[in-house]
>>> print(open('structure-v7.csv').read())   # CSV, C-alpha atoms (C1' of nucleotides)
chain,number,residue,atom,x,y,z
M,41,MET,CA,27.3,109.5,74.8
M,42,SER,CA,30.4,111.1,73.5
M,43,GLY,CA,32.4,110.7,76.7
M,44,PRO,CA,33.3,107.1,76.1
M,45,GLN,CA,34.3,108.1,72.6
M,46,LEU,CA,36.6,110.7,73.9
M,47,LEU,CA,38.1,108.1,76.2
M,48,ASP,CA,38.6,105.8,73.3
M,49,ALA,CA,40.3,108.5,71.2
M,50,LEU,CA,42.6,109.4,74.1
M,51,LEU,CA,43.6,105.8,74.7
M,52,ALA,CA,44.2,105.2,71.0
M,53,ILE,CA,46.6,108.0,70.5
M,54,THR,CA,48.2,107.2,73.8
M,55,ALA,CA,49.0,103.7,72.6
M,56,VAL,CA,50.7,105.1,69.5
M,57,LEU,CA,52.6,107.8,71.4
M,58,GLN,CA,53.9,105.2,73.8
M,59,ALA,CA,55.0,102.8,71.2
M,60,ASP,CA,56.8,105.6,69.4
M,61,GLN,CA,58.4,106.8,72.5
M,62,GLU,CA,59.6,103.3,73.5
M,63,ARG,CA,61.2,102.9,70.0
M,64,GLU,CA,63.0,106.2,70.4
M,65,LEU,CA,64.3,105.3,73.8
M,66,GLU,CA,65.5,101.9,72.7
M,67,ARG,CA,67.4,103.5,69.9
M,68,ARG,CA,69.3,105.5,72.5
M,69,GLY,CA,69.7,102.6,74.9
M,70,LEU,CA,67.4,104.2,77.5
M,71,THR,CA,64.3,103.1,79.3
M,72,VAL,CA,61.3,105.1,80.5
M,73,PRO,CA,62.2,105.5,84.2
M,74,ARG,CA,65.9,106.2,83.4
M,75,THR,CA,64.8,108.9,81.0
M,76,HIS,CA,62.4,110.3,83.5
M,77,LEU,CA,65.2,110.6,86.0
M,78,LEU,CA,67.5,112.3,83.4
M,79,TRP,CA,64.6,114.7,82.6
M,80,VAL,CA,64.3,115.8,86.2
M,81,LEU,CA,68.1,116.4,86.4
M,82,HIS,CA,67.9,118.3,83.1
M,83,HIS,CA,65.3,120.6,84.5
M,84,GLY,CA,66.2,120.8,88.1
M,85,GLY,CA,70.0,120.4,88.1
M,86,PRO,CA,71.9,118.1,90.5
M,87,ALA,CA,69.9,116.4,93.2
M,88,THR,CA,70.2,113.8,96.0
M,89,GLN,CA,68.9,110.3,95.4
M,90,SER,CA,66.1,110.8,98.0
M,91,ALA,CA,65.0,114.0,96.2
M,92,LEU,CA,65.0,112.1,92.9
M,93,ALA,CA,62.9,109.3,94.4
M,94,GLU,CA,60.4,111.8,95.5
M,95,ALA,CA,60.4,113.6,92.1
M,96,ILE,CA,59.9,110.6,89.9
M,97,GLY,CA,57.6,108.7,92.4
M,98,VAL,CA,59.7,105.6,93.0
M,99,THR,CA,61.4,104.2,96.1
M,100,PRO,CA,64.9,105.4,97.1
M,101,ARG,CA,66.1,101.8,96.6
M,102,TYR,CA,65.1,101.9,93.0
M,103,VAL,CA,66.8,105.2,92.4
M,104,THR,CA,70.1,103.4,93.3
M,105,THR,CA,69.4,100.9,90.5
M,106,LEU,CA,68.5,103.6,88.0
M,107,VAL,CA,71.6,105.7,88.8
M,108,ASP,CA,73.8,102.6,88.6
M,109,ALA,CA,72.6,102.0,85.1
M,110,LEU,CA,72.9,105.7,84.1
M,111,GLU,CA,76.4,105.8,85.5
M,112,SER,CA,77.5,102.7,83.6
M,113,THR,CA,76.3,104.2,80.3
M,114,GLY,CA,77.9,107.5,81.1
M,115,LEU,CA,74.8,109.7,81.1
M,116,ALA,CA,74.9,110.7,84.8
M,117,ARG,CA,77.4,110.5,87.7
M,118,ARG,CA,77.4,110.6,91.5
M,119,THR,CA,79.3,113.3,93.3
M,120,SER,CA,79.7,113.9,97.0
M,121,HIS,CA,77.4,116.2,98.7
M,122,PRO,CA,79.2,119.3,100.0
M,123,THR,CA,77.7,119.4,103.4
M,124,ASP,CA,76.0,116.1,104.1
M,125,ARG,CA,78.4,113.2,104.1
M,126,ARG,CA,75.5,110.6,104.0
M,127,ALA,CA,74.1,112.0,100.8
M,128,LEU,CA,75.2,111.9,97.2
M,129,LEU,CA,74.5,114.4,94.4
M,130,VAL,CA,73.5,113.0,91.1
M,131,GLU,CA,74.2,115.1,88.0
M,132,LEU,CA,74.2,114.8,84.2
M,133,THR,CA,77.4,114.2,82.4
M,134,PRO,CA,78.0,116.4,79.3
M,135,ARG,CA,76.8,113.4,77.2
M,136,GLY,CA,73.7,113.1,79.3
M,137,ALA,CA,73.0,116.8,79.0
M,138,SER,CA,73.3,116.8,75.2
M,139,ALA,CA,71.0,113.7,75.0
M,140,MET,CA,68.4,115.6,77.0
M,141,THR,CA,68.7,118.7,74.8
M,142,ALA,CA,68.3,116.6,71.7
M,143,MET,CA,65.2,114.8,73.1
M,144,ALA,CA,63.6,118.1,74.0
M,145,SER,CA,63.9,119.4,70.5
M,146,GLU,CA,62.6,116.1,69.0
M,147,ARG,CA,59.6,116.4,71.2
M,148,VAL,CA,58.8,119.9,70.0
M,149,ALA,CA,59.2,118.7,66.4
M,150,LEU,CA,56.8,115.8,67.2
M,151,GLY,CA,54.2,118.2,68.6
M,152,ASP,CA,54.4,120.4,65.5
M,153,ALA,CA,54.1,117.4,63.3
M,154,LEU,CA,50.9,116.3,65.1
M,155,ILE,CA,48.9,119.3,64.2
M,156,GLU,CA,49.9,119.8,60.6
M,157,GLY,CA,46.9,120.4,58.5
M,158,LEU,CA,44.7,121.4,61.4
M,159,ASP,CA,43.1,124.8,62.2
M,160,PRO,CA,45.0,126.3,65.2
M,161,HIS,CA,41.7,127.4,66.7
M,162,ALA,CA,40.4,123.8,66.6
M,163,VAL,CA,43.6,122.7,68.3
M,164,ALA,CA,43.4,125.3,71.0
M,165,ALA,CA,39.7,124.3,71.7
M,166,ALA,CA,40.7,120.6,71.8
M,167,ILE,CA,43.4,121.4,74.3
M,168,GLN,CA,40.8,123.1,76.5
M,169,VAL,CA,38.6,120.0,76.3
M,170,ILE,CA,41.4,117.7,77.2
M,171,ASP,CA,42.5,119.9,80.1
M,172,HIS,CA,39.0,120.1,81.4
M,173,ALA,CA,38.7,116.3,81.3
M,174,ARG,CA,42.0,115.9,83.1
M,175,GLU,CA,40.8,118.2,85.9
M,176,ARG,CA,37.5,116.3,86.2
M,177,LEU,CA,39.5,113.1,86.4
M,178,GLU,CA,41.9,114.3,89.0
M,179,ARG,CA,38.9,115.4,91.1
M,180,LEU,CA,37.3,112.0,90.7
M,181,VAL,CA,40.4,110.2,91.7
M,182,ALA,CA,40.8,112.4,94.8
M,183,GLU,CA,37.2,111.7,95.8
M,184,HIS,CA,37.8,107.9,95.4
M,185,GLU,CA,40.9,108.1,97.5
M,186,ARG,CA,39.1,110.0,100.3
M,187,ALA,CA,36.2,107.5,100.2
M,188,GLN,CA,38.6,104.6,100.5
M,189,GLU,CA,40.5,106.1,103.4
M,190,GLU,CA,37.2,106.6,105.2
M,191,ARG,CA,36.3,103.0,104.5
M,192,ALA,CA,39.7,101.9,105.8
M,193,GLU,CA,39.3,103.9,108.9
M,194,SER,CA,35.8,102.6,109.7
M,195,SER,CA,36.9,99.0,109.4
W,257,MET,CA,53.2,126.7,68.4
W,258,SER,CA,50.2,124.9,69.7
W,259,GLY,CA,51.4,121.4,68.7
W,260,PRO,CA,53.7,121.0,71.6
W,261,GLN,CA,50.9,122.2,73.9
W,262,LEU,CA,48.6,119.6,72.5
W,263,LEU,CA,51.2,117.0,73.1
W,264,ASP,CA,51.7,118.2,76.7
W,265,ALA,CA,47.9,118.1,77.3
W,266,LEU,CA,47.7,114.6,76.0
W,267,LEU,CA,50.7,113.3,78.0
W,268,ALA,CA,49.2,115.0,81.2
W,269,ILE,CA,45.8,113.3,80.9
W,270,THR,CA,47.4,110.1,79.9
W,271,ALA,CA,49.5,110.0,83.1
W,272,VAL,CA,46.4,110.5,85.2
W,273,LEU,CA,44.4,107.9,83.3
W,274,GLN,CA,47.1,105.3,83.7
W,275,ALA,CA,47.6,106.0,87.4
W,276,ASP,CA,43.8,105.6,87.8
W,277,GLN,CA,43.7,102.4,85.8
W,278,GLU,CA,46.6,100.8,87.7
W,279,ARG,CA,44.9,101.6,91.0
W,280,GLU,CA,41.7,99.9,89.7
W,281,LEU,CA,43.5,96.9,88.5
W,282,GLU,CA,45.4,96.5,91.7
W,283,ARG,CA,42.2,96.7,93.6
W,284,ARG,CA,41.1,93.6,91.7
W,285,GLY,CA,44.4,91.8,91.9
W,286,LEU,CA,45.0,92.2,88.1
W,287,THR,CA,47.8,93.6,86.0
W,288,VAL,CA,47.8,95.4,82.7
W,289,PRO,CA,48.8,92.5,80.4
W,290,ARG,CA,46.6,90.0,82.3
W,291,THR,CA,43.6,92.4,81.9
W,292,HIS,CA,44.5,92.8,78.2
W,293,LEU,CA,44.4,89.1,77.7
W,294,LEU,CA,41.0,88.8,79.6
W,295,TRP,CA,39.7,91.6,77.4
W,296,VAL,CA,40.5,89.7,74.3
W,297,LEU,CA,38.8,86.6,75.6
W,298,HIS,CA,35.8,88.7,76.6
W,299,HIS,CA,35.4,90.1,73.1
W,300,GLY,CA,36.6,87.2,71.0
W,301,GLY,CA,35.7,84.1,73.0
W,302,PRO,CA,38.0,81.1,73.7
W,303,ALA,CA,41.3,81.2,71.9
W,304,THR,CA,44.5,79.2,71.7
W,305,GLN,CA,47.6,80.6,73.4
W,306,SER,CA,49.3,81.3,70.1
W,307,ALA,CA,46.3,83.3,68.9
W,308,LEU,CA,46.3,85.2,72.2
W,309,ALA,CA,50.1,85.9,71.8
W,310,GLU,CA,49.4,87.4,68.4
W,311,ALA,CA,46.3,89.4,69.6
W,312,ILE,CA,48.0,91.1,72.6
W,313,GLY,CA,51.4,91.4,70.9
W,314,VAL,CA,53.6,89.3,73.3
W,315,THR,CA,55.6,86.1,72.8
W,316,PRO,CA,53.8,82.7,73.1
W,317,ARG,CA,56.1,82.0,76.1
W,318,TYR,CA,54.8,85.0,78.0
W,319,VAL,CA,51.2,83.9,77.3
W,320,THR,CA,52.0,80.7,79.3
W,321,THR,CA,52.9,82.9,82.3
W,322,LEU,CA,49.9,85.1,82.0
W,323,VAL,CA,47.5,82.2,81.7
W,324,ASP,CA,49.2,80.5,84.6
W,325,ALA,CA,48.5,83.6,86.7
W,326,LEU,CA,44.9,83.9,85.5
W,327,GLU,CA,44.2,80.3,86.2
W,328,SER,CA,45.6,80.5,89.7
W,329,THR,CA,43.3,83.4,90.5
W,330,GLY,CA,40.3,81.7,88.9
W,331,LEU,CA,39.6,84.2,86.1
W,332,ALA,CA,40.4,82.0,83.2
W,333,ARG,CA,41.0,78.3,82.5
W,334,ARG,CA,42.7,76.0,79.9
W,335,THR,CA,40.6,73.4,78.1
W,336,SER,CA,41.6,70.9,75.5
W,337,HIS,CA,41.3,71.8,71.9
W,338,PRO,CA,38.7,69.6,70.2
W,339,THR,CA,40.7,68.7,67.1
W,340,ASP,CA,44.3,69.6,67.7
W,341,ARG,CA,45.8,67.7,70.6
W,342,ARG,CA,48.9,70.0,70.7
W,343,ALA,CA,46.8,73.1,71.4
W,344,LEU,CA,44.9,74.4,74.4
W,345,LEU,CA,41.9,76.7,74.4
W,346,VAL,CA,41.8,79.4,77.0
W,347,GLU,CA,38.5,80.7,78.1
W,348,LEU,CA,37.0,82.9,80.8
W,349,THR,CA,35.5,81.4,83.9
W,350,PRO,CA,32.2,82.8,85.1
W,351,ARG,CA,34.1,84.9,87.6
W,352,GLY,CA,36.4,86.2,84.8
W,353,ALA,CA,33.4,87.0,82.6
W,354,SER,CA,31.6,89.0,85.3
W,355,ALA,CA,34.8,90.9,86.1
W,356,MET,CA,35.1,91.9,82.5
W,357,THR,CA,31.5,93.0,82.3
W,358,ALA,CA,31.9,95.1,85.4
W,359,MET,CA,35.1,96.7,84.0
W,360,ALA,CA,33.4,97.6,80.8
W,361,SER,CA,30.6,99.4,82.5
W,362,GLU,CA,33.0,101.2,84.8
W,363,ARG,CA,34.8,102.4,81.7
W,364,VAL,CA,31.7,103.8,80.2
W,365,ALA,CA,30.9,105.6,83.5
W,366,LEU,CA,34.4,107.0,83.5
W,367,GLY,CA,34.0,108.3,79.9
W,368,ASP,CA,30.7,110.0,80.9
W,369,ALA,CA,32.2,111.6,84.0
W,370,LEU,CA,35.1,113.0,81.9
W,371,ILE,CA,32.9,115.3,79.9
W,372,GLU,CA,30.5,116.5,82.6
W,373,GLY,CA,30.1,120.2,82.2
W,374,LEU,CA,31.3,120.3,78.6
W,375,ASP,CA,29.5,121.2,75.4
W,376,PRO,CA,28.9,118.0,73.4
W,377,HIS,CA,29.9,119.8,70.2
W,378,ALA,CA,33.2,120.9,71.7
W,379,VAL,CA,33.8,117.3,72.8
W,380,ALA,CA,33.0,116.0,69.3
W,381,ALA,CA,35.4,118.6,67.7
W,382,ALA,CA,38.1,117.6,70.2
W,383,ILE,CA,37.7,113.9,69.3
W,384,GLN,CA,38.2,114.9,65.6
W,385,VAL,CA,41.4,116.8,66.5
W,386,ILE,CA,42.8,113.9,68.5
W,387,ASP,CA,42.0,111.3,65.8
W,388,HIS,CA,43.6,113.5,63.2
W,389,ALA,CA,46.7,113.8,65.3
W,390,ARG,CA,46.8,110.0,65.8
W,391,GLU,CA,46.6,109.4,62.1
W,392,ARG,CA,49.4,111.9,61.5
W,393,LEU,CA,51.5,110.2,64.1
W,394,GLU,CA,50.8,106.7,62.6
W,395,ARG,CA,51.9,107.9,59.2
W,396,LEU,CA,55.1,109.5,60.7
W,397,VAL,CA,55.9,106.3,62.5
W,398,ALA,CA,55.4,104.2,59.3
W,399,GLU,CA,57.7,106.6,57.4
W,400,HIS,CA,60.4,106.3,60.1
W,401,GLU,CA,60.2,102.6,60.0
W,402,ARG,CA,60.5,102.5,56.2
W,403,ALA,CA,63.5,104.9,56.3
W,404,GLN,CA,65.2,102.7,58.9
W,405,GLU,CA,64.7,99.5,56.9
W,406,GLU,CA,66.2,101.2,53.9
W,407,ARG,CA,69.2,102.3,56.0
W,408,ALA,CA,69.5,98.7,57.3
W,409,GLU,CA,69.4,97.3,53.8
W,410,SER,CA,72.0,99.7,52.4
W,411,SER,CA,74.5,99.0,55.2
O,294,DT,C1',66.4,109.1,116.9
O,295,DA,C1',65.8,110.2,112.0
O,296,DT,C1',67.7,110.2,107.4
O,297,DT,C1',70.8,108.6,103.1
O,298,DG,C1',71.9,105.1,100.6
O,299,DT,C1',72.8,100.0,99.9
O,300,DT,C1',72.5,94.8,100.4
O,301,DA,C1',69.1,91.1,100.3
O,302,DT,C1',65.1,89.3,98.4
O,303,DA,C1',61.0,88.8,95.6
O,304,DC,C1',57.4,89.5,92.1
O,305,DT,C1',55.9,91.1,87.5
O,306,DC,C1',56.9,92.0,82.6
O,307,DT,C1',59.2,90.5,78.7
O,308,DA,C1',62.4,88.2,75.4
O,309,DT,C1',65.3,84.3,73.2
O,310,DA,C1',66.7,79.5,72.9
O,311,DA,C1',66.1,74.7,73.4
O,312,DC,C1',62.9,71.0,74.0
O,313,DT,C1',58.5,67.8,73.8
O,314,DA,C1',54.4,66.3,71.9
O,315,DT,C1',51.7,66.4,68.0
O,316,DA,C1',50.4,67.6,63.0
H,153,DT,C1',59.2,69.6,58.6
H,154,DA,C1',56.3,72.9,61.1
H,155,DT,C1',53.5,74.2,65.0
H,156,DA,C1',51.7,74.5,70.1
H,157,DG,C1',53.2,75.0,74.4
H,158,DT,C1',56.7,74.5,78.2
H,159,DT,C1',61.3,74.5,80.7
H,160,DA,C1',65.5,77.3,81.3
H,161,DT,C1',67.5,81.6,81.6
H,162,DA,C1',68.0,86.5,81.7
H,163,DG,C1',67.4,91.6,82.1
H,164,DA,C1',64.3,95.5,83.3
H,165,DG,C1',60.9,97.5,86.4
H,166,DT,C1',59.5,97.9,91.1
H,167,DA,C1',58.6,97.0,96.1
H,168,DT,C1',59.6,95.9,101.2
H,169,DA,C1',62.7,95.0,104.9
H,170,DA,C1',67.1,95.2,107.2
H,171,DC,C1',71.3,97.5,107.9
H,172,DA,C1',75.4,100.9,107.7
H,173,DA,C1',77.1,105.5,108.1
H,174,DT,C1',76.0,109.9,109.2
H,175,DA,C1',73.2,113.9,111.1
>>> encode(input="structure-v7.csv", output="structure tokens")
Amino acid sequence: MSGPQLLDALLAITAVLQADQERELERRGLTVPRTHLLWVLHHGGPATQSALAEAIGVTPRYVTTLVDALESTGLARRTSHPTDRRALLVELTPRGASAMTAMASERVALGDALIEGLDPHAVAAAIQVIDHARERLERLVAEHERAQEERAESS
Amino acid sequence: MSGPQLLDALLAITAVLQADQERELERRGLTVPRTHLLWVLHHGGPATQSALAEAIGVTPRYVTTLVDALESTGLARRTSHPTDRRALLVELTPRGASAMTAMASERVALGDALIEGLDPHAVAAAIQVIDHARERLERLVAEHERAQEERAESS
DNA sequence: TATTGTTATACTCTATAACTATA
DNA sequence: TATAGTTATAGAGTATAACAATA
């Protein structure tokens, strides 16, 4: 009975979060996948384009496009790989690094703002419910995929 | 302290939900905005393209593209408006209607699956926390927008 | 032979501007 | 004059396939 309600509540806040995020990115001249790539560089340091493709879950070809865009706006740059002459290392420029630092602290501020006026215990309990639901969902998805693979094999 | 953790938990489950949804849509040969349009037709009945543009928050031009795609896959169709010869009414085909019915019940099943093993009271409390956070967020966004408009006016 | 990145191509999402038919 | 929808065009997101240089 309350499961669908939880789903509705999650989808509703998700929609607002995404709209807000997109507005913030637009203000900085960024897009979602470009920001995702910068985020990976911010946390993991310089990386090859293949590694970035793997990390953000897109094709290597699309990483080329993303890095082109980030280079042209001065947020990242390509440097040569020290040992593998096929590969390129992508790294943040100082401007890219400071943009990521600013976004990280804005995100913490947003998180704090979200729970203003709420009992910390209630928030902690809600986090547990959400995490539990996510784990259930991940297991369901994994089962679906396994079932589909079996169907594909048998056909 | 726990605000950013709540945000993280929400973003994490959101990512899984979206990935799951996209896989489901792909299985049916649908896309997110096309499904959104079908959903509006399912709940509100036949509508003009302008009304649909308003309802799903895209330009009228893009509704043309979406309806073209839905017509070519046999899920929706255009009919003439009874009184306004400029306008077209878009409606679900029987196939479109049954696809929407199936998706609605799948969504309820997903909601139920999410909370398996959880105390209903805990779920209800979590829903309250999420709704509260959404309302806070909506207010913040509205304030931001007002502030930006003022800045735009004064410049 | 396998891997890194790029050129070529294509489809979906989405917008603005200009236009046609009708109100 | 205003509105409903379409043609024209463009940029972003994203994929596959073919290819070059290097390992």
>>> closest_residue(input="structure-v7.csv", among="W:Val323, W:Ile386, W:Leu396, W:Leu374", to="chain H", atoms="all atoms listed in the file")
W:Val323
>>> interface_residues(input="structure-v7.csv", of="chain H", to="chain W", cutoff="8 Å", atoms="all atoms listed in the file", output="PyMOL selection string")
chain H and resi 156-158
>>> atom_distance(input="structure-v7.csv", atom1="CA of Ala59 in chain M", atom2="CA of Asp324 in chain W")
26.7 Å
>>> atom_distance(input="structure-v7.csv", atom1="CA of Thr349 in chain W", atom2="CA of Gly301 in chain W")
11.2 Å
>>> closest_atom_pairs(input="structure-v7.csv", of="chain O", to="chain M", cutoff="12 Å", atoms="all atoms listed in the file", output="Markdown table")
| residue | atom | partner | partner_atom | distance |
| --- | --- | --- | --- | --- |
| O:DT296 | C1' | M:Arg126 | CA | 8.5 |
| O:DT297 | C1' | M:Arg126 | CA | 5.2 |
| O:DG298 | C1' | M:Ala127 | CA | 7.2 |
| O:DT299 | C1' | M:Arg101 | CA | 7.7 |
| O:DT300 | C1' | M:Arg101 | CA | 10.2 |
| O:DA301 | C1' | M:Arg101 | CA | 11.7 |
>>> write_last_selection(input="structure-v7.csv", atoms="C-alpha atoms (C1' of nucleotides)", output="PDB file, in the coordinates of the input")
ATOM      1  C1'  DT O 296      67.700 110.200 107.400  1.00  0.00           C
ATOM      2  C1'  DT O 297      70.800 108.600 103.100  1.00  0.00           C
ATOM      3  C1'  DG O 298      71.900 105.100 100.600  1.00  0.00           C
ATOM      4  C1'  DT O 299      72.800 100.000  99.900  1.00  0.00           C
ATOM      5  C1'  DT O 300      72.500  94.800 100.400  1.00  0.00           C
ATOM      6  C1'  DA O 301      69.100  91.100 100.300  1.00  0.00           C
TER       7       DA O 301
END
>>> atom_distance(input="structure-v7.csv", atom1="CA of Gln274 in chain W", atom2="CA of Ser328 in chain W")
25.6 Å
>>> build_atoms(input="structure-v7.csv", residues="range 280-289 of chain W", atoms="all heavy atoms", output="PDB file, in the coordinates of the input")
ATOM      1  N   GLU W 280      42.849 100.806  89.878  1.00  0.00           N
ATOM      2  CA  GLU W 280      41.700  99.900  89.700  1.00  0.00           C
ATOM      3  C   GLU W 280      42.079  98.480  89.559  1.00  0.00           C
ATOM      4  O   GLU W 280      41.483  97.591  90.146  1.00  0.00           O
ATOM      5  CB  GLU W 280      40.871 100.378  88.482  1.00  0.00           C
ATOM      6  CG  GLU W 280      40.026 101.611  88.709  1.00  0.00           C
ATOM      7  CD  GLU W 280      39.046 101.416  89.852  1.00  0.00           C
ATOM      8  OE1 GLU W 280      38.243 100.479  89.790  1.00  0.00           O
ATOM      9  OE2 GLU W 280      39.099 102.205  90.820  1.00  0.00           O
ATOM     10  N   LEU W 281      43.103  98.254  88.737  1.00  0.00           N
ATOM     11  CA  LEU W 281      43.500  96.900  88.500  1.00  0.00           C
ATOM     12  C   LEU W 281      44.068  96.270  89.789  1.00  0.00           C
ATOM     13  O   LEU W 281      43.759  95.120  90.120  1.00  0.00           O
ATOM     14  CB  LEU W 281      44.604  96.838  87.416  1.00  0.00           C
ATOM     15  CG  LEU W 281      44.124  97.225  86.015  1.00  0.00           C
ATOM     16  CD1 LEU W 281      45.241  97.031  84.999  1.00  0.00           C
ATOM     17  CD2 LEU W 281      42.904  96.432  85.602  1.00  0.00           C
ATOM     18  N   GLU W 282      44.849  97.040  90.505  1.00  0.00           N
ATOM     19  CA  GLU W 282      45.400  96.500  91.700  1.00  0.00           C
ATOM     20  C   GLU W 282      44.329  96.137  92.722  1.00  0.00           C
ATOM     21  O   GLU W 282      44.417  95.113  93.399  1.00  0.00           O
ATOM     22  CB  GLU W 282      46.327  97.608  92.356  1.00  0.00           C
ATOM     23  CG  GLU W 282      47.222  97.092  93.475  1.00  0.00           C
ATOM     24  CD  GLU W 282      48.080  98.211  94.060  1.00  0.00           C
ATOM     25  OE1 GLU W 282      48.104  99.311  93.451  1.00  0.00           O
ATOM     26  OE2 GLU W 282      48.711  97.996  95.099  1.00  0.00           O
ATOM     27  N   ARG W 283      43.289  96.965  92.759  1.00  0.00           N
ATOM     28  CA  ARG W 283      42.200  96.700  93.600  1.00  0.00           C
ATOM     29  C   ARG W 283      41.560  95.294  93.314  1.00  0.00           C
ATOM     30  O   ARG W 283      41.065  94.599  94.200  1.00  0.00           O
ATOM     31  CB  ARG W 283      41.095  97.762  93.415  1.00  0.00           C
ATOM     32  CG  ARG W 283      40.126  97.974  94.539  1.00  0.00           C
ATOM     33  CD  ARG W 283      39.320  99.258  94.309  1.00  0.00           C
ATOM     34  NE  ARG W 283      38.657  99.323  93.008  1.00  0.00           N
ATOM     35  CZ  ARG W 283      37.528  98.676  92.697  1.00  0.00           C
ATOM     36  NH1 ARG W 283      36.936  97.908  93.588  1.00  0.00           N
ATOM     37  NH2 ARG W 283      37.000  98.804  91.495  1.00  0.00           N
ATOM     38  N   ARG W 284      41.621  94.891  92.060  1.00  0.00           N
ATOM     39  CA  ARG W 284      41.100  93.600  91.700  1.00  0.00           C
ATOM     40  C   ARG W 284      42.116  92.505  91.596  1.00  0.00           C
ATOM     41  O   ARG W 284      41.823  91.396  91.134  1.00  0.00           O
ATOM     42  CB  ARG W 284      40.461  93.705  90.255  1.00  0.00           C
ATOM     43  CG  ARG W 284      39.283  94.628  90.124  1.00  0.00           C
ATOM     44  CD  ARG W 284      38.894  94.729  88.660  1.00  0.00           C
ATOM     45  NE  ARG W 284      37.899  95.762  88.453  1.00  0.00           N
ATOM     46  CZ  ARG W 284      36.585  95.561  88.581  1.00  0.00           C
ATOM     47  NH1 ARG W 284      36.149  94.370  88.888  1.00  0.00           N
ATOM     48  NH2 ARG W 284      35.741  96.541  88.391  1.00  0.00           N
ATOM     49  N   GLY W 285      43.352  92.832  91.946  1.00  0.00           N
ATOM     50  CA  GLY W 285      44.400  91.800  91.900  1.00  0.00           C
ATOM     51  C   GLY W 285      44.798  91.500  90.439  1.00  0.00           C
ATOM     52  O   GLY W 285      45.220  90.380  90.141  1.00  0.00           O
ATOM     53  N   LEU W 286      44.644  92.461  89.537  1.00  0.00           N
ATOM     54  CA  LEU W 286      45.000  92.200  88.100  1.00  0.00           C
ATOM     55  C   LEU W 286      46.231  93.061  87.757  1.00  0.00           C
ATOM     56  O   LEU W 286      46.667  93.922  88.514  1.00  0.00           O
ATOM     57  CB  LEU W 286      43.840  92.607  87.232  1.00  0.00           C
ATOM     58  CG  LEU W 286      42.727  91.571  87.125  1.00  0.00           C
ATOM     59  CD1 LEU W 286      41.523  92.151  86.403  1.00  0.00           C
ATOM     60  CD2 LEU W 286      43.239  90.343  86.381  1.00  0.00           C
ATOM     61  N   THR W 287      46.768  92.785  86.576  1.00  0.00           N
ATOM     62  CA  THR W 287      47.800  93.600  86.000  1.00  0.00           C
ATOM     63  C   THR W 287      47.440  93.987  84.610  1.00  0.00           C
ATOM     64  O   THR W 287      46.470  93.434  84.069  1.00  0.00           O
ATOM     65  CB  THR W 287      49.171  92.836  85.974  1.00  0.00           C
ATOM     66  OG1 THR W 287      49.032  91.763  85.043  1.00  0.00           O
ATOM     67  CG2 THR W 287      49.553  92.294  87.339  1.00  0.00           C
ATOM     68  N   VAL W 288      48.177  94.899  84.003  1.00  0.00           N
ATOM     69  CA  VAL W 288      47.800  95.400  82.700  1.00  0.00           C
ATOM     70  C   VAL W 288      47.761  94.256  81.627  1.00  0.00           C
ATOM     71  O   VAL W 288      46.738  94.070  80.967  1.00  0.00           O
ATOM     72  CB  VAL W 288      48.720  96.537  82.225  1.00  0.00           C
ATOM     73  CG1 VAL W 288      48.490  96.882  80.764  1.00  0.00           C
ATOM     74  CG2 VAL W 288      48.480  97.752  83.102  1.00  0.00           C
ATOM     75  N   PRO W 289      48.836  93.500  81.454  1.00  0.00           N
ATOM     76  CA  PRO W 289      48.800  92.500  80.400  1.00  0.00           C
ATOM     77  C   PRO W 289      47.774  91.371  80.697  1.00  0.00           C
ATOM     78  O   PRO W 289      47.134  90.844  79.780  1.00  0.00           O
ATOM     79  CB  PRO W 289      50.201  91.935  80.341  1.00  0.00           C
ATOM     80  CG  PRO W 289      50.842  92.353  81.596  1.00  0.00           C
ATOM     81  CD  PRO W 289      50.177  93.597  82.038  1.00  0.00           C
TER      82      PRO W 289
END
